$ cat entry01.txt   # compact mmCIF, N, CA and C atoms
# COMPACT_ATOMS: atom_id res chain seq x y z
N MET A 1 -53.77 20.73 -23.18
CA MET A 1 -53.52 19.72 -24.17
C MET A 1 -52.05 19.28 -24.14
N LYS A 2 -51.13 20.25 -24.00
CA LYS A 2 -49.71 19.91 -23.93
C LYS A 2 -49.41 19.01 -22.74
N LYS A 3 -50.07 19.31 -21.63
CA LYS A 3 -49.86 18.52 -20.41
C LYS A 3 -50.30 17.07 -20.63
N LEU A 4 -51.47 16.90 -21.26
CA LEU A 4 -51.98 15.56 -21.54
C LEU A 4 -51.05 14.81 -22.48
N LEU A 5 -50.55 15.49 -23.49
CA LEU A 5 -49.63 14.88 -24.44
C LEU A 5 -48.33 14.46 -23.75
N SER A 6 -47.83 15.29 -22.85
CA SER A 6 -46.62 14.97 -22.10
C SER A 6 -46.82 13.75 -21.22
N ILE A 7 -47.94 13.68 -20.56
CA ILE A 7 -48.25 12.53 -19.69
C ILE A 7 -48.34 11.26 -20.52
N LEU A 8 -49.01 11.33 -21.65
CA LEU A 8 -49.15 10.17 -22.52
C LEU A 8 -47.79 9.71 -23.03
N THR A 9 -46.95 10.64 -23.44
CA THR A 9 -45.61 10.31 -23.92
C THR A 9 -44.79 9.64 -22.82
N LEU A 10 -44.83 10.18 -21.62
CA LEU A 10 -44.07 9.60 -20.51
C LEU A 10 -44.57 8.20 -20.17
N SER A 11 -45.89 7.99 -20.19
CA SER A 11 -46.40 6.67 -19.85
C SER A 11 -46.03 5.64 -20.91
N LEU A 12 -45.96 6.05 -22.15
CA LEU A 12 -45.54 5.12 -23.20
C LEU A 12 -44.09 4.74 -23.01
N GLY A 13 -43.26 5.69 -22.61
CA GLY A 13 -41.85 5.42 -22.36
C GLY A 13 -41.67 4.45 -21.20
N VAL A 14 -42.44 4.62 -20.15
CA VAL A 14 -42.37 3.72 -19.00
C VAL A 14 -42.83 2.33 -19.39
N THR A 15 -43.89 2.24 -20.19
CA THR A 15 -44.38 0.94 -20.64
C THR A 15 -43.33 0.24 -21.48
N PHE A 16 -42.68 0.97 -22.38
CA PHE A 16 -41.64 0.37 -23.20
C PHE A 16 -40.51 -0.16 -22.33
N ALA A 17 -40.04 0.66 -21.39
CA ALA A 17 -38.93 0.25 -20.54
C ALA A 17 -39.29 -0.99 -19.73
N ALA A 18 -40.52 -1.08 -19.28
CA ALA A 18 -40.92 -2.23 -18.48
C ALA A 18 -40.97 -3.50 -19.31
N ASN A 19 -41.19 -3.36 -20.63
CA ASN A 19 -41.27 -4.53 -21.50
C ASN A 19 -39.95 -4.89 -22.15
N ALA A 20 -38.91 -4.13 -21.91
CA ALA A 20 -37.62 -4.38 -22.52
C ALA A 20 -37.02 -5.65 -21.94
N ALA A 21 -36.39 -6.44 -22.80
CA ALA A 21 -35.71 -7.65 -22.36
C ALA A 21 -34.22 -7.45 -22.55
N VAL A 22 -33.51 -7.24 -21.47
CA VAL A 22 -32.08 -6.97 -21.54
C VAL A 22 -31.31 -8.27 -21.72
N VAL A 23 -30.26 -8.22 -22.55
CA VAL A 23 -29.40 -9.37 -22.78
C VAL A 23 -27.95 -8.92 -22.72
N VAL A 24 -27.07 -9.83 -22.31
CA VAL A 24 -25.63 -9.56 -22.32
C VAL A 24 -25.12 -9.98 -23.68
N ILE A 25 -24.32 -9.11 -24.29
CA ILE A 25 -23.79 -9.40 -25.62
C ILE A 25 -22.28 -9.47 -25.61
N GLY A 26 -21.77 -10.19 -26.58
CA GLY A 26 -20.33 -10.28 -26.78
C GLY A 26 -20.03 -10.26 -28.27
N ASN A 27 -18.78 -10.26 -28.59
CA ASN A 27 -18.32 -10.39 -29.96
C ASN A 27 -18.87 -11.70 -30.52
N PRO A 28 -19.13 -11.79 -31.82
CA PRO A 28 -19.68 -13.04 -32.38
C PRO A 28 -18.86 -14.29 -32.05
N SER A 29 -17.58 -14.14 -31.72
CA SER A 29 -16.75 -15.30 -31.38
C SER A 29 -16.79 -15.63 -29.88
N ALA A 30 -17.52 -14.88 -29.09
CA ALA A 30 -17.55 -15.05 -27.63
C ALA A 30 -18.30 -16.32 -27.22
N SER A 31 -17.93 -16.83 -26.06
CA SER A 31 -18.61 -17.98 -25.46
C SER A 31 -19.74 -17.49 -24.58
N ASP A 32 -20.70 -18.37 -24.32
CA ASP A 32 -21.80 -18.03 -23.42
C ASP A 32 -21.25 -17.74 -22.02
N MET A 33 -22.03 -17.04 -21.24
CA MET A 33 -21.62 -16.61 -19.90
C MET A 33 -22.75 -16.91 -18.92
N SER A 34 -22.40 -17.29 -17.70
CA SER A 34 -23.41 -17.52 -16.67
C SER A 34 -23.76 -16.18 -16.01
N ALA A 35 -24.88 -16.16 -15.31
CA ALA A 35 -25.30 -14.95 -14.59
C ALA A 35 -24.26 -14.58 -13.53
N SER A 36 -23.68 -15.57 -12.89
CA SER A 36 -22.66 -15.33 -11.86
C SER A 36 -21.42 -14.69 -12.48
N GLU A 37 -21.00 -15.19 -13.64
CA GLU A 37 -19.83 -14.62 -14.32
C GLU A 37 -20.11 -13.18 -14.76
N ALA A 38 -21.32 -12.94 -15.23
CA ALA A 38 -21.70 -11.58 -15.66
C ALA A 38 -21.68 -10.63 -14.48
N LYS A 39 -22.24 -11.06 -13.36
CA LYS A 39 -22.26 -10.21 -12.16
C LYS A 39 -20.84 -9.84 -11.76
N LYS A 40 -19.97 -10.83 -11.71
CA LYS A 40 -18.57 -10.57 -11.34
C LYS A 40 -17.91 -9.61 -12.32
N ALA A 41 -18.11 -9.83 -13.61
CA ALA A 41 -17.48 -8.99 -14.63
C ALA A 41 -17.94 -7.54 -14.51
N PHE A 42 -19.24 -7.33 -14.34
CA PHE A 42 -19.77 -5.97 -14.28
C PHE A 42 -19.49 -5.27 -12.95
N LEU A 43 -19.00 -6.02 -11.97
CA LEU A 43 -18.58 -5.42 -10.70
C LEU A 43 -17.06 -5.45 -10.55
N GLY A 44 -16.36 -5.72 -11.65
CA GLY A 44 -14.91 -5.67 -11.65
C GLY A 44 -14.23 -6.78 -10.88
N LYS A 45 -14.93 -7.89 -10.68
CA LYS A 45 -14.37 -8.98 -9.87
C LYS A 45 -14.10 -10.25 -10.68
N GLY A 46 -14.38 -10.21 -11.95
CA GLY A 46 -14.24 -11.41 -12.78
C GLY A 46 -12.91 -11.46 -13.50
N ASN A 47 -12.91 -12.16 -14.59
CA ASN A 47 -11.75 -12.34 -15.45
C ASN A 47 -11.24 -10.97 -15.89
N SER A 48 -10.00 -10.67 -15.57
CA SER A 48 -9.47 -9.33 -15.86
C SER A 48 -9.24 -9.08 -17.35
N SER A 49 -9.30 -10.12 -18.18
CA SER A 49 -9.12 -9.91 -19.62
C SER A 49 -10.41 -9.45 -20.30
N ILE A 50 -11.54 -9.50 -19.58
CA ILE A 50 -12.82 -9.08 -20.14
C ILE A 50 -12.91 -7.55 -20.08
N VAL A 51 -13.28 -6.96 -21.21
CA VAL A 51 -13.48 -5.52 -21.30
C VAL A 51 -14.98 -5.27 -21.20
N VAL A 52 -15.40 -4.55 -20.18
CA VAL A 52 -16.82 -4.34 -19.90
C VAL A 52 -17.26 -2.94 -20.34
N TYR A 53 -18.41 -2.88 -20.99
CA TYR A 53 -19.02 -1.60 -21.37
C TYR A 53 -20.39 -1.49 -20.72
N GLU A 54 -20.69 -0.28 -20.26
CA GLU A 54 -21.98 0.03 -19.63
C GLU A 54 -22.70 1.07 -20.46
N LEU A 55 -24.01 1.10 -20.39
CA LEU A 55 -24.77 2.22 -20.93
C LEU A 55 -24.68 3.37 -19.92
N ASP A 56 -24.90 4.59 -20.39
CA ASP A 56 -24.81 5.76 -19.52
C ASP A 56 -25.78 5.66 -18.34
N GLU A 57 -25.38 6.25 -17.23
CA GLU A 57 -26.22 6.30 -16.03
C GLU A 57 -27.56 6.96 -16.38
N GLY A 58 -28.64 6.42 -15.82
CA GLY A 58 -29.97 6.95 -16.09
C GLY A 58 -30.69 6.24 -17.22
N ASN A 59 -29.99 5.41 -17.97
CA ASN A 59 -30.60 4.66 -19.07
C ASN A 59 -31.47 3.55 -18.47
N ALA A 60 -32.70 3.39 -18.98
CA ALA A 60 -33.64 2.39 -18.44
C ALA A 60 -33.11 0.96 -18.60
N ILE A 61 -32.41 0.69 -19.69
CA ILE A 61 -31.85 -0.66 -19.90
C ILE A 61 -30.75 -0.92 -18.87
N ARG A 62 -29.94 0.08 -18.58
CA ARG A 62 -28.89 -0.07 -17.56
C ARG A 62 -29.53 -0.40 -16.21
N THR A 63 -30.56 0.33 -15.85
CA THR A 63 -31.25 0.10 -14.58
C THR A 63 -31.81 -1.31 -14.52
N GLU A 64 -32.48 -1.74 -15.59
CA GLU A 64 -33.04 -3.09 -15.62
C GLU A 64 -31.94 -4.15 -15.52
N PHE A 65 -30.85 -3.94 -16.26
CA PHE A 65 -29.74 -4.89 -16.23
C PHE A 65 -29.20 -5.06 -14.81
N HIS A 66 -28.89 -3.96 -14.16
CA HIS A 66 -28.30 -4.05 -12.82
C HIS A 66 -29.29 -4.56 -11.78
N ASN A 67 -30.55 -4.21 -11.91
CA ASN A 67 -31.54 -4.77 -10.99
C ASN A 67 -31.60 -6.28 -11.14
N THR A 68 -31.49 -6.77 -12.35
CA THR A 68 -31.61 -8.20 -12.64
C THR A 68 -30.31 -8.97 -12.36
N VAL A 69 -29.18 -8.44 -12.82
CA VAL A 69 -27.93 -9.21 -12.78
C VAL A 69 -27.08 -8.92 -11.55
N THR A 70 -26.84 -7.66 -11.23
CA THR A 70 -25.96 -7.37 -10.09
C THR A 70 -26.73 -7.11 -8.80
N GLY A 71 -28.03 -6.84 -8.93
CA GLY A 71 -28.84 -6.56 -7.76
C GLY A 71 -28.57 -5.18 -7.16
N LYS A 72 -28.00 -4.27 -7.95
CA LYS A 72 -27.66 -2.94 -7.45
C LYS A 72 -28.44 -1.86 -8.19
N SER A 73 -28.86 -0.85 -7.45
CA SER A 73 -29.52 0.32 -8.04
C SER A 73 -28.44 1.26 -8.58
N ASP A 74 -28.85 2.31 -9.29
CA ASP A 74 -27.89 3.29 -9.79
C ASP A 74 -27.11 3.92 -8.64
N ALA A 75 -27.79 4.26 -7.56
CA ALA A 75 -27.12 4.88 -6.40
C ALA A 75 -26.13 3.90 -5.77
N GLN A 76 -26.51 2.64 -5.64
CA GLN A 76 -25.60 1.64 -5.07
C GLN A 76 -24.38 1.43 -5.97
N LEU A 77 -24.60 1.44 -7.28
CA LEU A 77 -23.47 1.30 -8.22
C LEU A 77 -22.50 2.47 -8.08
N LYS A 78 -23.05 3.67 -8.00
CA LYS A 78 -22.21 4.86 -7.88
C LYS A 78 -21.38 4.76 -6.60
N ALA A 79 -22.00 4.36 -5.50
CA ALA A 79 -21.28 4.23 -4.23
C ALA A 79 -20.24 3.11 -4.31
N PHE A 80 -20.60 2.00 -4.92
CA PHE A 80 -19.69 0.87 -5.07
C PHE A 80 -18.44 1.29 -5.83
N TRP A 81 -18.63 1.95 -6.99
CA TRP A 81 -17.48 2.33 -7.81
C TRP A 81 -16.67 3.45 -7.16
N SER A 82 -17.32 4.33 -6.44
CA SER A 82 -16.57 5.38 -5.72
C SER A 82 -15.63 4.74 -4.72
N LYS A 83 -16.13 3.75 -4.00
CA LYS A 83 -15.29 3.05 -3.01
C LYS A 83 -14.15 2.30 -3.70
N GLN A 84 -14.45 1.63 -4.82
CA GLN A 84 -13.42 0.88 -5.54
C GLN A 84 -12.30 1.82 -6.01
N VAL A 85 -12.67 2.96 -6.54
CA VAL A 85 -11.69 3.93 -7.02
C VAL A 85 -10.89 4.49 -5.85
N PHE A 86 -11.59 4.88 -4.78
CA PHE A 86 -10.93 5.47 -3.61
C PHE A 86 -9.92 4.52 -2.99
N THR A 87 -10.25 3.23 -2.93
CA THR A 87 -9.36 2.26 -2.31
C THR A 87 -8.35 1.67 -3.29
N GLY A 88 -8.42 2.09 -4.54
CA GLY A 88 -7.48 1.59 -5.54
C GLY A 88 -7.76 0.18 -6.02
N LYS A 89 -8.97 -0.31 -5.79
CA LYS A 89 -9.30 -1.68 -6.17
C LYS A 89 -9.89 -1.82 -7.56
N GLY A 90 -10.18 -0.70 -8.20
CA GLY A 90 -10.72 -0.80 -9.55
C GLY A 90 -11.34 0.48 -10.04
N ASN A 91 -11.64 0.49 -11.32
CA ASN A 91 -12.28 1.63 -11.97
C ASN A 91 -13.56 1.15 -12.64
N PRO A 92 -14.55 2.02 -12.73
CA PRO A 92 -15.81 1.61 -13.37
C PRO A 92 -15.60 1.35 -14.85
N PRO A 93 -16.47 0.54 -15.44
CA PRO A 93 -16.37 0.26 -16.87
C PRO A 93 -16.58 1.52 -17.71
N ALA A 94 -16.07 1.48 -18.92
CA ALA A 94 -16.32 2.57 -19.87
C ALA A 94 -17.81 2.59 -20.19
N THR A 95 -18.33 3.78 -20.48
CA THR A 95 -19.75 3.89 -20.80
C THR A 95 -19.94 4.33 -22.25
N VAL A 96 -21.07 3.93 -22.80
CA VAL A 96 -21.49 4.35 -24.13
C VAL A 96 -22.92 4.87 -24.02
N ALA A 97 -23.32 5.69 -24.98
CA ALA A 97 -24.61 6.37 -24.87
C ALA A 97 -25.79 5.61 -25.46
N THR A 98 -25.54 4.76 -26.45
CA THR A 98 -26.64 4.13 -27.17
C THR A 98 -26.39 2.66 -27.41
N ALA A 99 -27.45 1.96 -27.80
CA ALA A 99 -27.31 0.54 -28.15
C ALA A 99 -26.39 0.39 -29.36
N ALA A 100 -26.47 1.30 -30.32
CA ALA A 100 -25.61 1.23 -31.50
C ALA A 100 -24.13 1.38 -31.11
N ALA A 101 -23.84 2.30 -30.20
CA ALA A 101 -22.47 2.48 -29.72
C ALA A 101 -22.00 1.25 -28.94
N MET A 102 -22.91 0.65 -28.17
CA MET A 102 -22.58 -0.57 -27.42
C MET A 102 -22.23 -1.69 -28.39
N LYS A 103 -23.05 -1.89 -29.42
CA LYS A 103 -22.78 -2.95 -30.39
C LYS A 103 -21.45 -2.72 -31.10
N ALA A 104 -21.15 -1.48 -31.47
CA ALA A 104 -19.89 -1.17 -32.15
C ALA A 104 -18.69 -1.47 -31.24
N ALA A 105 -18.79 -1.08 -29.98
CA ALA A 105 -17.69 -1.30 -29.03
C ALA A 105 -17.46 -2.79 -28.80
N VAL A 106 -18.53 -3.53 -28.62
CA VAL A 106 -18.42 -4.96 -28.32
C VAL A 106 -18.01 -5.75 -29.57
N ALA A 107 -18.57 -5.41 -30.71
CA ALA A 107 -18.25 -6.13 -31.95
C ALA A 107 -16.78 -5.97 -32.33
N GLY A 108 -16.19 -4.84 -31.97
CA GLY A 108 -14.81 -4.56 -32.35
C GLY A 108 -13.76 -5.15 -31.43
N ASN A 109 -14.15 -5.85 -30.38
CA ASN A 109 -13.18 -6.40 -29.43
C ASN A 109 -13.63 -7.79 -28.99
N PRO A 110 -12.87 -8.83 -29.33
CA PRO A 110 -13.28 -10.19 -28.96
C PRO A 110 -13.37 -10.45 -27.46
N ASN A 111 -12.81 -9.56 -26.64
CA ASN A 111 -12.85 -9.71 -25.18
C ASN A 111 -13.90 -8.83 -24.52
N ALA A 112 -14.69 -8.11 -25.33
CA ALA A 112 -15.64 -7.14 -24.77
C ALA A 112 -17.02 -7.75 -24.55
N ILE A 113 -17.69 -7.24 -23.51
CA ILE A 113 -19.08 -7.58 -23.24
C ILE A 113 -19.84 -6.30 -22.89
N GLY A 114 -21.14 -6.37 -23.05
CA GLY A 114 -22.00 -5.25 -22.71
C GLY A 114 -23.42 -5.78 -22.62
N TYR A 115 -24.38 -4.90 -22.62
CA TYR A 115 -25.79 -5.31 -22.58
C TYR A 115 -26.62 -4.31 -23.35
N ILE A 116 -27.68 -4.81 -23.94
CA ILE A 116 -28.63 -3.99 -24.69
C ILE A 116 -30.00 -4.65 -24.61
N ASP A 117 -31.00 -3.96 -25.12
CA ASP A 117 -32.32 -4.55 -25.26
C ASP A 117 -32.23 -5.64 -26.32
N GLU A 118 -32.86 -6.75 -26.07
CA GLU A 118 -32.80 -7.87 -27.01
C GLU A 118 -33.28 -7.47 -28.41
N ALA A 119 -34.21 -6.53 -28.50
CA ALA A 119 -34.73 -6.07 -29.79
C ALA A 119 -33.66 -5.38 -30.63
N ASP A 120 -32.57 -4.91 -30.01
CA ASP A 120 -31.50 -4.22 -30.73
C ASP A 120 -30.39 -5.15 -31.20
N VAL A 121 -30.47 -6.43 -30.88
CA VAL A 121 -29.43 -7.38 -31.28
C VAL A 121 -29.47 -7.58 -32.79
N ASP A 122 -28.28 -7.59 -33.40
CA ASP A 122 -28.17 -7.92 -34.82
C ASP A 122 -26.97 -8.84 -35.01
N GLY A 123 -26.58 -9.08 -36.23
CA GLY A 123 -25.50 -10.01 -36.54
C GLY A 123 -24.12 -9.55 -36.13
N SER A 124 -23.97 -8.29 -35.71
CA SER A 124 -22.65 -7.79 -35.33
C SER A 124 -22.22 -8.27 -33.94
N VAL A 125 -23.18 -8.74 -33.14
CA VAL A 125 -22.89 -9.21 -31.78
C VAL A 125 -23.62 -10.53 -31.53
N LYS A 126 -23.24 -11.18 -30.44
CA LYS A 126 -23.86 -12.45 -30.06
C LYS A 126 -24.44 -12.33 -28.65
N VAL A 127 -25.64 -12.85 -28.46
CA VAL A 127 -26.22 -12.91 -27.10
C VAL A 127 -25.50 -14.01 -26.35
N ILE A 128 -24.85 -13.65 -25.24
CA ILE A 128 -24.12 -14.64 -24.46
C ILE A 128 -24.81 -14.95 -23.13
N LEU A 129 -25.83 -14.15 -22.79
CA LEU A 129 -26.61 -14.41 -21.57
C LEU A 129 -27.95 -13.72 -21.67
N LYS A 130 -29.01 -14.47 -21.36
CA LYS A 130 -30.34 -13.89 -21.20
C LYS A 130 -30.70 -14.04 -19.74
N PRO A 131 -30.47 -12.97 -18.95
CA PRO A 131 -30.72 -13.09 -17.50
C PRO A 131 -32.19 -13.30 -17.17

$ encode --input "entry01.txt" --output "structure tokens"
Amino acid sequence: MKKLLSILTLSLGVTFAANAAVVVIGNPSASDMSASEAKKAFLGKGNSSIVVYELDEGNAIRTEFHNTVTGKSDAQLKAFWSKQVFTGKGNPPATVATAAAMKAAVAGNPNAIGYIDEADVDGSVKVILKP
């Protein structure tokens, strides 16, 4: 019975993750952003005044975001940032653990961007891109 319950719980989690709609968020005063600008920002190649926040590695929303916007898997991102750090070309964005932490970080800085599930958006942040 425990095994069946575990399988059911895991399949519900996978179904939820597959139905999640990731959006890029900014401070309520932020301007909209193109997919190209978002890709550059999240790969450290965009406007240097933008402060980027990521969800922790292994998060389903993070995986969906990068598959959609940057075209990179978790392993490719890790390799990309390792190379950037090693060559002195950049450091990976700061990470946060939850959508609530992401909203707090982004809402508190007019130059910050991040991403969350669209269902978690509230008045503290603004959707600036729906990839």

$ residues_around --input "entry01.txt" --residues "A:Gly90" --least-positions-apart "4" --cutoff "8 Å" --atoms "all atoms listed in the file" --output "list in words"
Leu43, Gly44, Trp81, Ser82, Lys83, Gln84, Val85 and Phe86 of chain A

$ closest_residue --input "entry01.txt" --among "A:Asn27, A:Ser73, A:Ala35, A:Glu64" --to "A:Lys130" --atoms "all atoms listed in the file"
A:Ala35

$ closest_residue --input "entry01.txt" --among "A:Ala20, A:Leu77, A:Ala112, A:Ala107" --to "A:Ile61" --atoms "all atoms listed in the file"
A:Ala20

$ closest_residue --input "entry01.txt" --among "A:Val23, A:His66, A:Ser34, A:Met102" --to "A:Gly46" --atoms "only C-alpha atoms"
A:Ser34

$ atom_distance --input "entry01.txt" --atom1 "atom N of A:Thr68" --atom2 "atom C of A:Ala21"
10.6 Å

$ select_by_dssp --input "entry01.txt" --residues "stretch 52-84 of chain A" --states "strand (DSSP E or B)" --output "PyMOL selection string"
chain A and resi 52-55

$ residues_near_point --input "entry01.txt" --point "(-23.0, -13.8, -22.9)" --cutoff "8 Å" --atoms "only C-alpha atoms" --output "VMD selection string"
chain A and resid 23 to 26 30 to 34 38 113 126 to 130

$ atom_distance --input "entry01.txt" --atom1 "atom CA of A:Asp56" --atom2 "atom CA of A:Thr87"
23.4 Å

$ closest_residue --input "entry01.txt" --among "A:Val69, A:Ala94, A:Ala119, A:Ala101" --to "A:Val52" --atoms "only N, CA and C atoms"
A:Ala94

$ atom_distance --input "entry01.txt" --atom1 "atom CA of A:Glu118" --atom2 "atom CA of A:Asn47"
24.4 Å

$ closest_residue --input "entry01.txt" --among "A:Val96, A:Ile116, A:Val121, A:Ala79" --to "A:Leu55" --atoms "all atoms listed in the file"
A:Val96

$ closest_residue --input "entry01.txt" --among "A:Gly58, A:Gly123, A:Pro110, A:Pro93" --to "A:Phe42" --atoms "only N, CA and C atoms"
A:Pro93

$ select_by_dssp --input "entry01.txt" --residues "chain A" --states "alpha helix (DSSP H)" --output "number ranges by chain"
A: 2-19, 35-42, 60-68, 74-86, 99-107

$ axis_aligned_box --input "entry01.txt" --around "stretch 81-96 of chain A" --padding-each-side "8 Å" --output "lines of an AutoDock Vina configuration file"
center_x = -15.2
center_y = 1.8
center_z = -13.2
size_x = 31.4
size_y = 23.3
size_z = 37.8
